[in-house]
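Peer 1: Coordinates in final.pdb, PDB, C-alpha atoms, are listed below.
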```
ATOM      1  CA  MET A 193     -12.939  10.124  94.671
ATOM      2  CA  ARG A 194     -12.849  10.658  98.446
ATOM      3  CA  GLY A 195     -13.956   7.054  98.912
ATOM      4  CA  CYS A 196     -11.126   5.855  96.646
ATOM      5  CA  GLU A 197      -8.561   7.739  98.683
ATOM      6  CA  THR A 198      -9.917   6.272 101.912
ATOM      7  CA  SER A 199      -9.822   2.702 100.645
ATOM      8  CA  ILE A 200      -6.311   3.135  99.248
ATOM      9  CA  ALA A 201      -5.051   4.628 102.515
ATOM     10  CA  LEU A 202      -6.524   1.730 104.521
ATOM     11  CA  LEU A 203      -4.874  -0.846 102.246
ATOM     12  CA  ILE A 204      -1.535   0.942 102.618
ATOM     13  CA  GLU A 205      -1.851   0.954 106.406
ATOM     14  CA  GLU A 206      -2.539  -2.800 106.295
ATOM     15  CA  LEU A 207       0.523  -3.229 104.036
ATOM     16  CA  GLU A 208      -1.666  -4.621 101.236
ATOM     17  CA  TYR A 209       0.397  -2.899  98.584
ATOM     18  CA  GLU A 210      -0.625  -5.076  95.639
ATOM     19  CA  ARG A 211      -4.323  -4.642  96.360
ATOM     20  CA  ALA A 212      -3.702  -0.913  96.860
ATOM     21  CA  LEU A 213      -2.131  -0.710  93.374
ATOM     22  CA  GLU A 214      -5.171  -2.428  91.888
ATOM     23  CA  GLN A 215      -7.445   0.070  93.643
ATOM     24  CA  VAL A 216      -5.333   2.973  92.297
ATOM     25  CA  ALA A 217      -5.735   1.633  88.770
ATOM     26  CA  ARG A 218      -9.530   1.422  89.153
ATOM     27  CA  CYS A 219      -9.698   4.926  90.612
ATOM     28  CA  LYS A 220      -7.586   6.314  87.744
ATOM     29  CA  GLU A 221     -10.128   5.033  85.272
ATOM     30  CA  ALA A 222     -12.881   6.809  87.183
ATOM     31  CA  SER A 223     -10.952  10.079  87.694
ATOM     32  CA  ALA A 224     -12.696  13.207  86.439
ATOM     33  CA  GLY A 225      -9.809  15.673  85.939
ATOM     34  CA  SER A 226      -6.152  16.514  86.308
ATOM     35  CA  GLU A 227      -6.404  17.004  90.081
ATOM     36  CA  ASP A 228      -7.666  13.448  90.560
ATOM     37  CA  ALA A 229      -4.910  12.182  88.241
ATOM     38  CA  VAL A 230      -2.292  13.987  90.344
ATOM     39  CA  VAL A 231      -3.602  12.459  93.597
ATOM     40  CA  MET A 232      -3.752   8.950  92.161
ATOM     41  CA  SER A 233      -0.211   9.262  90.760
ATOM     42  CA  LEU A 234       1.030  10.345  94.191
ATOM     43  CA  TYR A 235      -0.643   7.335  95.844
ATOM     44  CA  GLN A 236       0.860   5.078  93.189
ATOM     45  CA  GLY A 237       4.347   6.520  93.765
ATOM     46  CA  VAL A 238       4.083   6.014  97.532
ATOM     47  CA  ILE A 239       3.051   2.364  97.125
ATOM     48  CA  LEU A 240       5.797   1.616  94.585
ATOM     49  CA  ALA A 241       8.425   3.313  96.758
ATOM     50  CA  GLU A 242       7.488   1.039  99.642
ATOM     51  CA  LEU A 243       7.884  -2.063  97.467
ATOM     52  CA  SER A 244      11.395  -3.408  97.009
ATOM     53  CA  GLY A 245      12.845  -3.018  93.548
ATOM     54  CA  ARG A 246      10.138  -0.609  92.295
ATOM     55  CA  LEU A 247      11.885   2.727  92.808
ATOM     56  CA  ARG A 248      12.141   3.340  89.061
ATOM     57  CA  ASP A 249       8.354   2.940  88.704
ATOM     58  CA  ALA A 250       7.852   5.167  91.742
ATOM     59  CA  ASP A 251      10.069   7.810  90.153
ATOM     60  CA  ALA A 252       7.912   7.781  86.992
ATOM     61  CA  ALA A 253       4.683   8.088  89.011
ATOM     62  CA  PHE A 254       5.989  11.000  91.121
ATOM     63  CA  LYS A 255       7.282  12.814  88.012
ATOM     64  CA  ALA A 256       3.899  12.427  86.291
ATOM     65  CA  ALA A 257       2.138  14.030  89.279
ATOM     66  CA  LEU A 258       4.671  16.846  89.754
ATOM     67  CA  THR A 259       4.685  17.680  86.053
ATOM     68  CA  LEU A 260       0.956  18.338  86.231
ATOM     69  CA  ASN A 261       1.246  20.151  89.579
ATOM     70  CA  PRO A 262       4.780  21.095  90.712
ATOM     71  CA  GLY A 263       3.481  22.176  94.133
ATOM     72  CA  ALA A 264       1.649  18.905  94.915
ATOM     73  CA  GLU A 265       2.119  17.345  98.354
ATOM     74  CA  LEU A 266       1.884  13.722  99.424
ATOM     75  CA  PRO A 267      -1.727  12.855 100.378
ATOM     76  CA  LEU A 268      -0.795  10.802 103.448
ATOM     77  CA  ARG A 269       1.911  10.361 106.046
ATOM     78  CA  VAL A 270       4.803   8.234 104.773
ATOM     79  CA  SER A 271       8.073   6.860 106.035
ATOM     80  CA  PRO A 272      11.132   9.155 106.150
ATOM     81  CA  LYS A 273      12.675   7.140 103.334
ATOM     82  CA  VAL A 274       9.754   7.778 100.966
ATOM     83  CA  LYS A 275       9.583  11.416 102.060
ATOM     84  CA  ARG A 276      13.246  12.007 101.208
ATOM     85  CA  TYR A 277      12.861  10.243  97.879
ATOM     86  CA  PHE A 278       9.826  12.345  96.952
ATOM     87  CA  ALA A 279      11.721  15.530  97.852
ATOM     88  CA  ALA A 280      14.598  14.525  95.594
ATOM     89  CA  VAL A 281      12.229  13.833  92.697
ATOM     90  CA  ARG A 282      10.490  17.200  93.255
ATOM     91  CA  LYS A 283      13.837  19.003  93.165
ATOM     92  CA  GLY A 284      14.774  17.363  89.865
ATOM     93  CA  VAL A 285      11.412  18.179  88.246
ATOM     94  CA  GLN A 286      11.550  21.809  89.424
ATOM     95  CA  SER A 287      15.073  22.274  88.031
ATOM     96  CA  LYS A 288      13.977  20.915  84.645
ATOM     97  CA  LEU A 289      10.922  23.173  84.592
ATOM     98  CA  SER A 290      13.054  26.196  85.527
ATOM     99  CA  ALA A 291      15.519  25.444  82.756
ATOM    100  CA  ARG A 292      12.669  25.085  80.263
ATOM    101  CA  GLU A 293      11.147  28.402  81.331
ATOM    102  CA  ALA A 294      14.540  30.102  81.029
ATOM    103  CA  ASP A 295      14.956  28.789  77.509
ATOM    104  CA  MET A 296      11.512  30.012  76.540
ATOM    105  CA  ALA A 297      12.103  33.465  78.092
ATOM    106  CA  ALA A 298      15.507  33.974  76.447
ATOM    107  CA  PRO A 299      15.286  36.300  73.394
ATOM    108  CA  LYS A 300      15.854  34.591  70.133
ATOM    109  CA  GLN A 301      19.013  35.710  68.406
ATOM    110  CA  GLU A 302      18.498  37.178  65.015
ATOM    111  CA  ALA A 303      20.013  35.334  62.159
ATOM    112  CA  PRO A 304      23.143  36.902  60.694
ATOM    113  CA  LEU A 305      22.697  39.201  57.747
ATOM    114  CA  GLU A 306      24.642  36.865  55.523
ATOM    115  CA  ALA A 307      22.059  34.131  56.140
ATOM    116  CA  GLN A 308      19.136  36.498  55.598
ATOM    117  CA  GLU A 309      20.324  37.774  52.276
ATOM    118  CA  VAL A 310      18.922  36.007  49.312
ATOM    119  CA  GLN A 311      21.681  34.630  47.237
ATOM    120  CA  ALA A 312      21.729  35.934  43.729
ATOM    121  CA  PRO A 313      21.491  33.372  41.017
ATOM    122  CA  ARG A 314      24.866  32.309  39.866
ATOM    123  CA  GLU A 315      25.806  32.952  36.302
ATOM    124  CA  PRO A 316      26.431  29.856  34.275
ATOM    125  CA  LEU A 317      30.046  29.070  33.725
ATOM    126  CA  PRO A 318      31.288  29.687  30.195
ATOM    127  CA  VAL A 319      31.551  26.618  28.091
ATOM    128  CA  VAL A 320      35.061  26.137  26.785
ATOM    129  CA  ALA A 321      35.235  24.162  23.604
ATOM    130  CA  THR A 322      37.913  21.541  23.713
ATOM    131  CA  GLU A 323      39.012  19.471  20.812
ATOM    132  CA  LEU A 324      38.909  15.787  21.377
ATOM    133  CA  PRO A 325      41.877  13.814  20.120
ATOM    134  CA  GLU A 326      41.268  12.069  16.862
ATOM    135  CA  PRO A 327      40.977   8.329  17.120
ATOM    136  CA  SER A 328      44.207   6.586  16.436
ATOM    137  CA  SER A 329      44.448   4.994  13.037
ATOM    138  CA  ALA A 330      47.084   2.507  14.105
ATOM    139  CA  PRO A 331      46.155  -1.008  13.004
ATOM    140  CA  MET A 332      44.941  -3.367  15.656
ATOM    141  CA  PRO A 333      47.229  -6.293  16.373
ATOM    142  CA  GLU A 334      46.143  -9.392  14.575
ATOM    143  CA  VAL A 335      44.998 -12.364  16.571
ATOM    144  CA  SER A 336      46.792 -14.629  14.198
ATOM    145  CA  GLY A 337      50.137 -13.533  15.685
ATOM    146  CA  ALA A 338      49.048 -14.661  19.158
ATOM    147  CA  ARG A 339      47.790 -17.904  17.671
ATOM    148  CA  SER A 340      51.050 -18.554  15.869
ATOM    149  CA  SER A 341      52.955 -17.785  19.081
ATOM    150  CA  LEU A 342      50.790 -20.318  20.929
ATOM    151  CA  ARG A 343      51.503 -22.866  18.220
ATOM    152  CA  ASP A 344      55.256 -22.206  18.498
ATOM    153  CA  ARG A 345      55.222 -22.747  22.273
ATOM    154  CA  ALA A 346      53.459 -26.091  21.833
ATOM    155  CA  LEU A 347      56.900 -27.656  21.275
ATOM    156  CA  VAL A 348      57.895 -27.198  24.932
ATOM    157  CA  PRO A 349      55.266 -29.500  26.506
ATOM    158  CA  ALA A 350      55.736 -31.922  23.600
ATOM    159  CA  VAL A 351      59.455 -32.334  24.348
ATOM    160  CA  ALA A 352      58.821 -32.602  28.086
ATOM    161  CA  GLY A 353      56.043 -35.151  27.585
ATOM    162  CA  GLY A 354      58.209 -37.230  25.263
ATOM    163  CA  ALA A 355      61.057 -37.228  27.760
ATOM    164  CA  LEU A 356      58.717 -38.397  30.527
ATOM    165  CA  VAL A 357      57.382 -41.208  28.356
ATOM    166  CA  VAL A 358      60.927 -42.365  27.593
ATOM    167  CA  ALA A 359      61.815 -42.229  31.290
ATOM    168  CA  ALA A 360      58.704 -44.252  32.074
ATOM    169  CA  GLY A 361      59.885 -46.933  29.657
ATOM    170  CA  VAL A 362      63.311 -47.016  31.274
ATOM    171  CA  PHE A 363      61.863 -47.395  34.784
ATOM    172  CA  TRP A 364      59.507 -50.136  33.591
ATOM    173  CA  GLY A 365      62.429 -52.023  32.064
ATOM    174  CA  MET A 366      64.369 -51.802  35.319
ATOM    175  CA  ALA A 367      61.313 -53.152  37.167
ATOM    176  CA  GLU A 368      61.107 -56.088  34.763
ATOM    177  CA  VAL A 369      64.772 -56.876  35.406
ATOM    178  CA  ARG A 370      64.113 -56.945  39.164
ATOM    179  CA  LYS A 371      61.099 -59.222  38.634
ATOM    180  CA  SER A 372      63.095 -61.623  36.449
ATOM    181  CA  LYS A 373      65.475 -62.181  39.357
ATOM    182  CA  LEU A 374      62.541 -63.482  41.393
ATOM    183  CA  ASP A 375      61.395 -65.902  38.659
ATOM    184  CA  ALA A 376      64.793 -67.633  38.289
ATOM    185  CA  PRO A 377      67.490 -68.111  40.934
ATOM    186  CA  ALA A 378      69.868 -65.159  40.974
ATOM    187  CA  LYS A 379      73.371 -64.949  42.423
ATOM    188  CA  ASP A 380      72.665 -61.807  44.448
ATOM    189  CA  LEU A 381      69.581 -63.231  46.205
ATOM    190  CA  HIS A 382      70.950 -65.148  49.173
ATOM    191  CA  SER A 383      67.954 -65.036  51.525
ATOM    192  CA  GLU A 384      64.253 -64.404  51.788
ATOM    193  CA  ALA A 385      64.928 -60.821  52.852
ATOM    194  CA  ASP A 386      66.872 -60.174  49.648
ATOM    195  CA  ALA A 387      63.937 -61.494  47.634
ATOM    196  CA  ARG A 388      61.488 -59.215  49.484
ATOM    197  CA  ASN A 389      63.728 -56.209  48.878
ATOM    198  CA  ALA A 390      63.901 -57.039  45.190
ATOM    199  CA  ALA A 391      60.098 -57.342  44.982
ATOM    200  CA  THR A 392      59.606 -54.032  46.813
ATOM    201  CA  SER A 393      62.108 -52.304  44.521
ATOM    202  CA  ALA A 394      60.322 -53.678  41.454
ATOM    203  CA  ARG A 395      56.951 -52.376  42.672
ATOM    204  CA  ARG A 396      58.421 -48.917  43.347
ATOM    205  CA  LEU A 397      59.939 -48.784  39.893
ATOM    206  CA  GLN A 398      56.611 -49.785  38.346
ATOM    207  CA  THR A 399      54.787 -47.100  40.331
ATOM    208  CA  ALA A 400      57.311 -44.471  39.258
ATOM    209  CA  SER A 401      57.021 -45.658  35.664
ATOM    210  CA  VAL A 402      53.237 -45.263  35.711
ATOM    211  CA  GLY A 403      53.511 -41.747  37.182
ATOM    212  CA  LEU A 404      56.046 -40.717  34.545
ATOM    213  CA  LEU A 405      53.859 -42.144  31.810
ATOM    214  CA  VAL A 406      50.833 -40.208  33.012
ATOM    215  CA  GLY A 407      52.877 -36.999  33.172
ATOM    216  CA  GLY A 408      54.214 -37.597  29.692
ATOM    217  CA  LEU A 409      50.762 -38.179  28.266
ATOM    218  CA  VAL A 410      49.509 -34.991  29.912
ATOM    219  CA  GLY A 411      52.385 -33.051  28.367
ATOM    220  CA  LEU A 412      51.727 -34.497  24.922
ATOM    221  CA  GLY A 413      48.019 -33.753  25.258
ATOM    222  CA  THR A 414      48.761 -30.170  26.296
ATOM    223  CA  SER A 415      51.059 -29.768  23.324
ATOM    224  CA  ALA A 416      48.414 -31.066  20.956
ATOM    225  CA  GLY A 417      45.820 -28.696  22.418
ATOM    226  CA  MET A 418      48.131 -25.699  22.087
ATOM    227  CA  TYR A 419      48.919 -26.644  18.513
ATOM    228  CA  LEU A 420      45.248 -26.941  17.609
ATOM    229  CA  LEU A 421      44.288 -23.722  19.390
ATOM    230  CA  GLY A 422      47.098 -21.923  17.616
ATOM    231  CA  SER A 423      45.849 -22.875  14.163
ATOM    232  CA  PRO A 424      44.107 -20.162  12.090
ATOM    233  CA  ARG A 425      40.435 -19.799  12.880
ATOM    234  CA  LYS A 426      39.262 -19.613   9.274
ATOM    235  CA  PRO A 427      41.841 -20.817   6.778
ATOM    236  CA  VAL A 428      41.333 -19.430   3.314
ATOM    237  CA  PRO A 429      40.952 -22.322   0.846
ATOM    238  CA  VAL A 430      42.800 -22.433  -2.441
ATOM    239  CA  GLN A 431      40.689 -21.125  -5.311
ATOM    240  CA  LEU A 432      41.070 -21.625  -9.014
ATOM    241  CA  GLY A 433      39.895 -19.095 -11.587
ATOM    242  CA  LEU A 434      39.673 -18.770 -15.346
ATOM    243  CA  ASP A 435      39.605 -15.557 -17.324
ATOM    244  CA  GLY A 436      39.312 -17.132 -20.764
ATOM    245  CA  THR A 437      43.006 -17.037 -21.625
ATOM    246  CA  SER A 438      44.774 -18.260 -18.430
ATOM    247  CA  VAL A 439      44.317 -20.087 -15.129
ATOM    248  CA  PHE A 440      45.158 -18.347 -11.826
ATOM    249  CA  VAL A 441      45.374 -19.665  -8.245
ATOM    250  CA  SER A 442      44.496 -17.621  -5.115
ATOM    251  CA  GLY A 443      44.454 -18.324  -1.351
ATOM    252  CA  ARG A 444      46.839 -20.405   0.775
ATOM    253  CA  TRP A 445      47.065 -23.896   2.094
ATOM    254  CA  PRO A 446      45.665 -24.473   5.619
TER     255      PRO A 446
END
```
What would you get if you wrote out this structure as structure tokens?
Peer 2:
Amino acid sequence: MRGCETSIALLIEELEYERALEQVARCKEASAGSEDAVVMSLYQGVILAELSGRLRDADAAFKAALTLNPGAELPLRVSPKVKRYFAAVRKGVQSKLSAREADMAAPKQEAPLEAQEVQAPREPLPVVATELPEPSSAPMPEVSGARSSLRDRALVPAVAGGALVVAAGVFWGMAEVRKSKLDAPAKDLHSEADARNAATSARRLQTASVGLLVGGLVGLGTSAGMYLLGSPRKPVPVQLGLDGTSVFVSGRWP
């Protein structure tokens, strides 16, 4: 190990820090005990402290050595900067070790008596019998009422759809009147601009008529759907019966 230290020191003097780090790594693998590990960690910290931007790595190396041996000293002469940095790291490690020793030496406080007592098993709570309310015997509302209501409301879209269809017919008739003025000479068409206005008005009326017709058909279709959905699900057919002396009829028409 003495040869390793000599070679590392020579590389540091020649400012061959990278090669010195490689030599430290090889010597760590060949170290025989904790003392050799402490020396190699100190060499590694010195080299890393001299390199720019490696102070964090140097801090870790110095802490590893001082944790194993808080009284360790640097194995070679270093710059004042590295010396001050090593002293600061030593101070921090010693304060942590002192705090740890103080925590270990402090007497442990006994747990309070309330925590030491074994809790007695709790008695089960008494079961109180409660009477549940009897289920209500009120009759459920029949679905047929909702269906009949849906069938009654089917008249609203039917009326609206019929009105839209009638309006569509009126608009279409007005468009045909405007178109007829273009087919034969009319008194109110005095120029080509008047004819274009009449043609544009006819197209607008036709477009409005088609939209009203579509809306009317949708309303009539909706009415038909509501009427069909509102019909009874299973109508009871009319039945005839004989008892030997008379004929009787039961059921209702769909």
Peer 1: List, as a list of chain:residue names, every residue that the PyMOL selection byres ((chain A and resi 247-264) around 6) selects in the file provided.
Peer 2: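 So the PyMOL selection byres ((chain A and resi 247-264) around 6) ends up selecting A:Val230, A:Ser233, A:Leu234, A:Gly237, A:Leu240, A:Ala241, A:Gly245, A:Arg246, A:Glu265.
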Peer 1: Can you pull out every residue within 6 Å of range 382-399 of chain A, counting all atoms listed in the file, but drop anything in the same chain fewer than 5 positions away, and send it as a short mmCIF file (atom, residue, chain, number, x, y, z; two decimals) with C-alpha atoms, in the coordinates of the input?
Peer 2:
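Output below, filename selection31.cif:
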```cif
data_model
loop_
_atom_site.label_atom_id
_atom_site.label_comp_id
_atom_site.auth_asym_id
_atom_site.auth_seq_id
_atom_site.Cartn_x
_atom_site.Cartn_y
_atom_site.Cartn_z
CA PHE A 363 61.86 -47.40 34.78
CA TRP A 364 59.51 -50.14 33.59
CA ALA A 367 61.31 -53.15 37.17
CA ARG A 370 64.11 -56.94 39.16
#
```
Peer 1: Quick one: distance from CA of Met296 in chain A to CA of Ala229 in chain A in Å, one decimal?
Peer 2: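 The value is 26.9 Å.
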Peer 1: Have a look at CA of Ala280 in chain A and CA of Ala212 in chain A and let me know their distance in Å, one decimal.
Peer 2: 24.0 Å
Peer 1: With the PyMOL selection byres ((chain A and resi 218-220) around 8) as the selection, what would be picked from this file? Answer as a list in words, please.
Peer 2: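 Output of the PyMOL selection byres ((chain A and resi 218-220) around 8): Met193, Cys196, Glu214, Gln215, Val216, Ala217, Glu221, Ala222, Ser223, Asp228, Ala229 and Met232 of chain A.
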Peer 1: Run the PyMOL selection byres ((chain A and resi 204) around 10) mentally over the shown coordinates, then write out the matched residues as a PyMOL selection string, using the chain letters and numbers from the document.
Peer 2: chain A and resi 198-203+205-213+235+238-239+242+268+270
Peer 1: Pick the closest to Leu421 in chain A from A:Leu243, A:Ala279, A:Ala346, A:Ser271: which is it, counting all atoms listed in the file?
Peer 2: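 Ranked by minimum distance to Leu421 in chain A, first place goes to A:Ala346.
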Peer 1: Nearest residue to Ser244 in chain A out of A:Val281, A:Lys371, A:Val357, A:Val274, using all atoms listed in the file?
Peer 2: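 Among the listed residues, the smallest separation from Ser244 in chain A belongs to A:Val274.
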